[in-house]
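Peer 1: Provided herewith: work_10.pdb, PDB, C-alpha atoms, pLDDT in the B column.
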ATOM      1  CA  THR D   1     -41.530  -4.837  43.833  1.00 48.00           C
ATOM      2  CA  LEU D   2     -41.412  -8.004  45.908  1.00 51.00           C
ATOM      3  CA  ARG D   3     -44.702  -9.842  45.877  1.00 56.00           C
ATOM      4  CA  ASN D   4     -45.700 -12.536  48.315  1.00 52.00           C
ATOM      5  CA  PRO D   5     -47.252 -15.833  47.325  1.00 50.00           C
ATOM      6  CA  VAL D   6     -50.998 -16.060  47.984  1.00 52.00           C
ATOM      7  CA  GLU D   7     -50.491 -18.661  50.711  1.00 70.00           C
ATOM      8  CA  LYS D   8     -47.458 -19.394  52.824  1.00 77.00           C
ATOM      9  CA  PRO D   9     -46.223 -22.851  51.891  1.00 84.00           C
ATOM     10  CA  THR D  10     -44.419 -25.165  54.298  1.00 87.00           C
ATOM     11  CA  GLN D  11     -42.128 -26.728  51.693  1.00 91.00           C
ATOM     12  CA  PRO D  12     -39.561 -24.615  49.842  1.00 94.00           C
ATOM     13  CA  ARG D  13     -40.752 -23.202  46.546  1.00 94.00           C
ATOM     14  CA  PRO D  14     -38.338 -21.783  43.993  1.00 95.00           C
ATOM     15  CA  LEU D  15     -37.390 -18.196  44.742  1.00 96.00           C
ATOM     16  CA  ALA D  16     -37.951 -15.617  42.038  1.00 94.00           C
ATOM     17  CA  SER D  17     -34.644 -14.206  40.798  1.00 96.00           C
ATOM     18  CA  ARG D  18     -35.455 -10.748  42.216  1.00 96.00           C
ATOM     19  CA  VAL D  19     -36.089 -12.354  45.627  1.00 97.00           C
ATOM     20  CA  GLU D  20     -32.782 -14.261  45.450  1.00 97.00           C
ATOM     21  CA  THR D  21     -31.000 -11.033  44.557  1.00 98.00           C
ATOM     22  CA  PHE D  22     -32.679  -9.220  47.432  1.00 98.00           C
ATOM     23  CA  ILE D  23     -31.691 -11.949  49.917  1.00 98.00           C
ATOM     24  CA  ASP D  24     -28.091 -12.003  48.643  1.00 98.00           C
ATOM     25  CA  ASP D  25     -27.857  -8.220  48.943  1.00 98.00           C
ATOM     26  CA  ALA D  26     -29.444  -8.317  52.395  1.00 97.00           C
ATOM     27  CA  ASP D  27     -26.962 -10.978  53.511  1.00 97.00           C
ATOM     28  CA  ALA D  28     -24.040  -8.882  52.277  1.00 98.00           C
ATOM     29  CA  TYR D  29     -25.344  -5.840  54.138  1.00 97.00           C
ATOM     30  CA  VAL D  30     -25.973  -7.766  57.365  1.00 95.00           C
ATOM     31  CA  ALA D  31     -22.523  -9.410  57.195  1.00 95.00           C
ATOM     32  CA  ALA D  32     -20.902  -5.977  57.118  1.00 97.00           C
ATOM     33  CA  MET D  33     -22.739  -4.781  60.245  1.00 94.00           C
ATOM     34  CA  PRO D  34     -22.510  -5.711  63.953  1.00 86.00           C
ATOM     35  CA  SER D  35     -25.002  -8.478  64.873  1.00 73.00           C
ATOM     36  CA  ASP D  36     -26.970  -6.183  67.207  1.00 73.00           C
ATOM     37  CA  ASP D  37     -27.208  -3.318  64.694  1.00 85.00           C
ATOM     38  CA  SER D  38     -30.773  -2.044  64.443  1.00 87.00           C
ATOM     39  CA  ASP D  39     -30.747  -1.620  60.663  1.00 94.00           C
ATOM     40  CA  ALA D  40     -29.095  -5.007  60.145  1.00 94.00           C
ATOM     41  CA  SER D  41     -31.842  -6.638  62.215  1.00 93.00           C
ATOM     42  CA  GLY D  42     -34.493  -4.992  60.044  1.00 95.00           C
ATOM     43  CA  VAL D  43     -32.814  -6.019  56.783  1.00 96.00           C
ATOM     44  CA  SER D  44     -32.293  -9.572  58.036  1.00 96.00           C
ATOM     45  CA  PHE D  45     -35.958  -9.702  59.007  1.00 97.00           C
ATOM     46  CA  LEU D  46     -37.060  -8.659  55.523  1.00 97.00           C
ATOM     47  CA  ALA D  47     -34.902 -11.392  53.969  1.00 98.00           C
ATOM     48  CA  GLY D  48     -36.256 -13.930  56.453  1.00 98.00           C
ATOM     49  CA  GLN D  49     -39.786 -12.837  55.685  1.00 96.00           C
ATOM     50  CA  GLN D  50     -39.238 -13.513  51.979  1.00 96.00           C
ATOM     51  CA  LEU D  51     -37.838 -16.968  52.722  1.00 97.00           C
ATOM     52  CA  ASN D  52     -40.804 -17.650  55.017  1.00 96.00           C
ATOM     53  CA  ASN D  53     -43.257 -16.547  52.327  1.00 94.00           C
ATOM     54  CA  TYR D  54     -41.756 -19.099  49.932  1.00 95.00           C
ATOM     55  CA  GLY D  55     -41.802 -21.977  52.408  1.00 95.00           C
ATOM     56  CA  TRP D  56     -38.130 -21.973  53.373  1.00 97.00           C
ATOM     57  CA  VAL D  57     -38.987 -22.724  57.003  1.00 96.00           C
ATOM     58  CA  ASP D  58     -35.533 -23.834  58.194  1.00 97.00           C
ATOM     59  CA  GLU D  59     -33.793 -20.848  56.672  1.00 97.00           C
ATOM     60  CA  SER D  60     -36.367 -18.276  57.758  1.00 97.00           C
ATOM     61  CA  THR D  61     -36.692 -19.544  61.328  1.00 98.00           C
ATOM     62  CA  THR D  62     -32.908 -19.579  61.703  1.00 97.00           C
ATOM     63  CA  ARG D  63     -32.821 -15.913  60.673  1.00 96.00           C
ATOM     64  CA  PHE D  64     -35.715 -15.042  62.953  1.00 98.00           C
ATOM     65  CA  ALA D  65     -34.068 -16.813  65.898  1.00 97.00           C
ATOM     66  CA  ASN D  66     -30.803 -14.966  65.284  1.00 94.00           C
ATOM     67  CA  ILE D  67     -32.626 -11.632  65.284  1.00 94.00           C
ATOM     68  CA  VAL D  68     -34.436 -12.421  68.540  1.00 96.00           C
ATOM     69  CA  LEU D  69     -31.235 -13.556  70.240  1.00 94.00           C
ATOM     70  CA  ALA D  70     -29.056 -10.695  68.961  1.00 91.00           C
ATOM     71  CA  ASN D  71     -31.464  -7.821  69.469  1.00 92.00           C
ATOM     72  CA  PRO D  72     -34.425  -8.868  71.682  1.00 95.00           C
ATOM     73  CA  THR D  73     -35.646  -5.345  72.392  1.00 95.00           C
ATOM     74  CA  HIS D  74     -35.855  -4.331  68.716  1.00 93.00           C
ATOM     75  CA  GLU D  75     -39.320  -4.124  67.188  1.00 94.00           C
ATOM     76  CA  VAL D  76     -38.458  -6.751  64.566  1.00 96.00           C
ATOM     77  CA  ALA D  77     -37.667  -9.235  67.360  1.00 96.00           C
ATOM     78  CA  LEU D  78     -41.399  -9.282  68.110  1.00 96.00           C
ATOM     79  CA  TYR D  79     -42.282  -9.907  64.461  1.00 97.00           C
ATOM     80  CA  SER D  80     -39.482 -12.435  64.087  1.00 97.00           C
ATOM     81  CA  ALA D  81     -40.633 -14.427  67.103  1.00 97.00           C
ATOM     82  CA  ASN D  82     -44.241 -14.414  65.889  1.00 96.00           C
ATOM     83  CA  LEU D  83     -43.312 -15.533  62.367  1.00 96.00           C
ATOM     84  CA  MET D  84     -40.969 -18.189  63.718  1.00 97.00           C
ATOM     85  CA  LEU D  85     -43.682 -19.694  65.939  1.00 96.00           C
ATOM     86  CA  ASP D  86     -46.197 -19.453  63.085  1.00 94.00           C
ATOM     87  CA  ALA D  87     -43.837 -21.176  60.624  1.00 95.00           C
ATOM     88  CA  PHE D  88     -43.271 -24.052  63.041  1.00 95.00           C
ATOM     89  CA  ASN D  89     -47.010 -24.330  63.661  1.00 92.00           C
ATOM     90  CA  ARG D  90     -47.910 -24.244  59.939  1.00 92.00           C
ATOM     91  CA  SER D  91     -45.323 -26.903  59.142  1.00 93.00           C
ATOM     92  CA  GLU D  92     -46.527 -29.018  62.094  1.00 92.00           C
ATOM     93  CA  ARG D  93     -43.134 -28.859  63.801  1.00 94.00           C
ATOM     94  CA  TYR D  94     -44.711 -28.635  67.217  1.00 92.00           C
ATOM     95  CA  ASP D  95     -41.633 -29.748  69.152  1.00 93.00           C
ATOM     96  CA  ASP D  96     -39.654 -26.885  67.609  1.00 95.00           C
ATOM     97  CA  MET D  97     -42.506 -24.471  68.321  1.00 94.00           C
ATOM     98  CA  LEU D  98     -42.626 -25.509  71.981  1.00 94.00           C
ATOM     99  CA  ARG D  99     -38.851 -25.465  72.371  1.00 95.00           C
ATOM    100  CA  TRP D 100     -38.773 -21.914  71.012  1.00 96.00           C
ATOM    101  CA  ALA D 101     -41.777 -20.835  73.072  1.00 96.00           C
ATOM    102  CA  ARG D 102     -39.830 -21.888  76.169  1.00 95.00           C
ATOM    103  CA  GLU D 103     -36.672 -20.190  74.876  1.00 96.00           C
ATOM    104  CA  LEU D 104     -38.569 -16.987  74.192  1.00 96.00           C
ATOM    105  CA  GLN D 105     -40.218 -17.073  77.603  1.00 96.00           C
ATOM    106  CA  ALA D 106     -36.783 -17.396  79.227  1.00 97.00           C
ATOM    107  CA  ASN D 107     -35.537 -14.265  77.432  1.00 96.00           C
ATOM    108  CA  ALA D 108     -36.268 -11.606  80.060  1.00 96.00           C
ATOM    109  CA  ALA D 109     -35.430  -8.629  77.817  1.00 96.00           C
ATOM    110  CA  LEU D 110     -37.690  -9.923  75.048  1.00 96.00           C
ATOM    111  CA  MET D 111     -40.611 -10.650  77.389  1.00 96.00           C
ATOM    112  CA  ALA D 112     -40.323  -7.302  79.191  1.00 97.00           C
ATOM    113  CA  THR D 113     -40.200  -5.342  75.937  1.00 96.00           C
ATOM    114  CA  HIS D 114     -42.873  -7.233  74.010  1.00 95.00           C
ATOM    115  CA  THR D 115     -45.737  -7.950  76.392  1.00 95.00           C
ATOM    116  CA  GLU D 116     -48.047  -9.172  73.607  1.00 95.00           C
ATOM    117  CA  LEU D 117     -45.464 -11.852  72.767  1.00 95.00           C
ATOM    118  CA  ALA D 118     -45.231 -12.769  76.441  1.00 96.00           C
ATOM    119  CA  GLU D 119     -49.000 -13.309  76.448  1.00 95.00           C
ATOM    120  CA  LEU D 120     -48.853 -15.425  73.288  1.00 94.00           C
ATOM    121  CA  VAL D 121     -46.082 -17.620  74.670  1.00 95.00           C
ATOM    122  CA  ALA D 122     -47.904 -17.919  77.998  1.00 93.00           C
ATOM    123  CA  ASN D 123     -50.919 -19.255  76.066  1.00 92.00           C
ATOM    124  CA  ILE D 124     -48.959 -21.658  73.859  1.00 91.00           C
ATOM    125  CA  LEU D 125     -47.214 -23.533  76.657  1.00 88.00           C
ATOM    126  CA  PRO D 126     -50.289 -24.661  78.648  1.00 86.00           C
ATOM    127  CA  GLN D 127     -52.134 -25.588  75.430  1.00 81.00           C
ATOM    128  CA  ALA D 128     -49.251 -27.837  74.485  1.00 72.00           C
ATOM    129  CA  ALA D 129     -49.348 -29.531  77.866  1.00 69.00           C
ATOM    130  CA  ARG D 130     -52.902 -30.676  77.120  1.00 67.00           C
TER     131      ARG D 130
END
Would you mind giving the structure from this file in structure tokens?
Peer 2:
Amino acid sequence: TLRNPVEKPTQPRPLASRVETFIDDADAYVAAMPSDDSDASGVSFLAGQQLNNYGWVDESTTRFANIVLANPTHEVALYSANLMLDAFNRSERYDDMLRWARELQANAALMATHTELAELVANILPQAAR
């Protein structure tokens, strides 16, 4: 079983060997599938979630961004976008958070499919302007 750390760090912590194995296996699976494959998006999300849980912000947000861009109408695109924005916020990378909030808002398919994300992004941008 994969267990999450109690808190989500913002600096990389060592990955447990079982987590490394899971991520390696997930990467192999995703590499063998088309980028917009529904199952590949879900597996990539799970690997990104593990990296995020261990503070690997750059690696996890890159995965989350790829999911959102490749398959914006998939359910995991919503979760990926939320975790990406949260990771940038937790690590105080506000410029990245705002850049991605704008990018997400410009993605018509994503915004139309995930109205709760559209509301979140619509709230982030004016707050940042203050």
Peer 1: Identify which of the residues D:Ala32, D:Ala87, D:Ala65, D:Leu51 lies closest to D:Glu20, counting all atoms listed in the file when measuring atom-to-atom distances.
Peer 2: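 Closest residue, counting all atoms listed in the file: D:Leu51.
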Peer 1: Near D:Asp95, counting only C-alpha atoms, which residues have an atom at most 12 Å away, once you skip same-chain residues fewer than 4 positions from it, shown as number ranges by chain?
Peer 2: D: 85, 88-89, 91, 99-102, 124-125, 128-129
Peer 1: Pull out every residue that the PyMOL selection byres ((chain D and resi 50) around 12) matches in the shown coordinates and put them as a VMD selection string.
Peer 2: chain D and resid 2 to 5 8 to 9 12 to 16 18 to 24 26 43 to 49 51 to 57 59 to 61 63 to 64 83
Peer 1: Please identify all polymer residues lying at most 7 Å from the point (-25.5, -7.0, 55.0) (file coordinates), using all atoms listed in the file, and present the result as a count of residues only.
Peer 2: 10
Peer 1: Quote the spacing between atom CA of D:Met111 and atom CA of D:Asn71 in Å to one decimal place.
Peer 2: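 So the two atoms, atom CA of D:Met111 and atom CA of D:Asn71, lie 12.4 Å apart.
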Peer 1: Counting all atoms listed in the file, which of D:Pro72, D:Glu92, D:Ala109, D:Thr62 gets nearest to D:Gln11?
Peer 2: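 Residue with the minimum atom-to-atom distance to D:Gln11: D:Glu92.
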Peer 1: What is the distance, in Å and to one decimal place, between atom CA of D:Thr113 and atom CA of D:Ser41?
Peer 2: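 Separating atom CA of D:Thr113 from atom CA of D:Ser41 is a distance of 16.1 Å.
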Peer 1: Around all the atoms of stretch 34-37 of chain D listed in the file, draw an axis-aligned box and extend it by 3 Å on each of the six sides; I want its centre and edge lengths in Å to one decimal, as AutoDock Vina command-line options.
Peer 2:
--center_x -24.9 --center_y -5.9 --center_z 65.6 --size_x 10.7 --size_y 11.2 --size_z 9.3
Peer 1: When you draw a straight line from atom CA of D:Leu110 to atom CA of D:Thr73, how long is it in Å?
Peer 2: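 So the two atoms, atom CA of D:Leu110 and atom CA of D:Thr73, lie 5.7 Å apart.
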Peer 1: Tell me which of D:Arg90, D:Pro34, D:Ala70, D:Gln105 sits closest to D:Glu7, counting only C-alpha atoms.
Peer 2: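 Answer, going by the shortest atom-to-atom distance: D:Arg90.
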Peer 1: Considering all atoms listed in the file, state which residue in the set D:Ala122, D:Leu69, D:Val76, D:Ala108 is at the smallest distance from D:Asp39.
Peer 2: D:Val76
Peer 1: For D:Ala112, which residue among D:Leu78, D:Asn66, D:Asp37, D:Asp58 is the nearest when counting all atoms listed in the file?
Peer 2: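 Closest to D:Ala112 of all the choices is D:Leu78.
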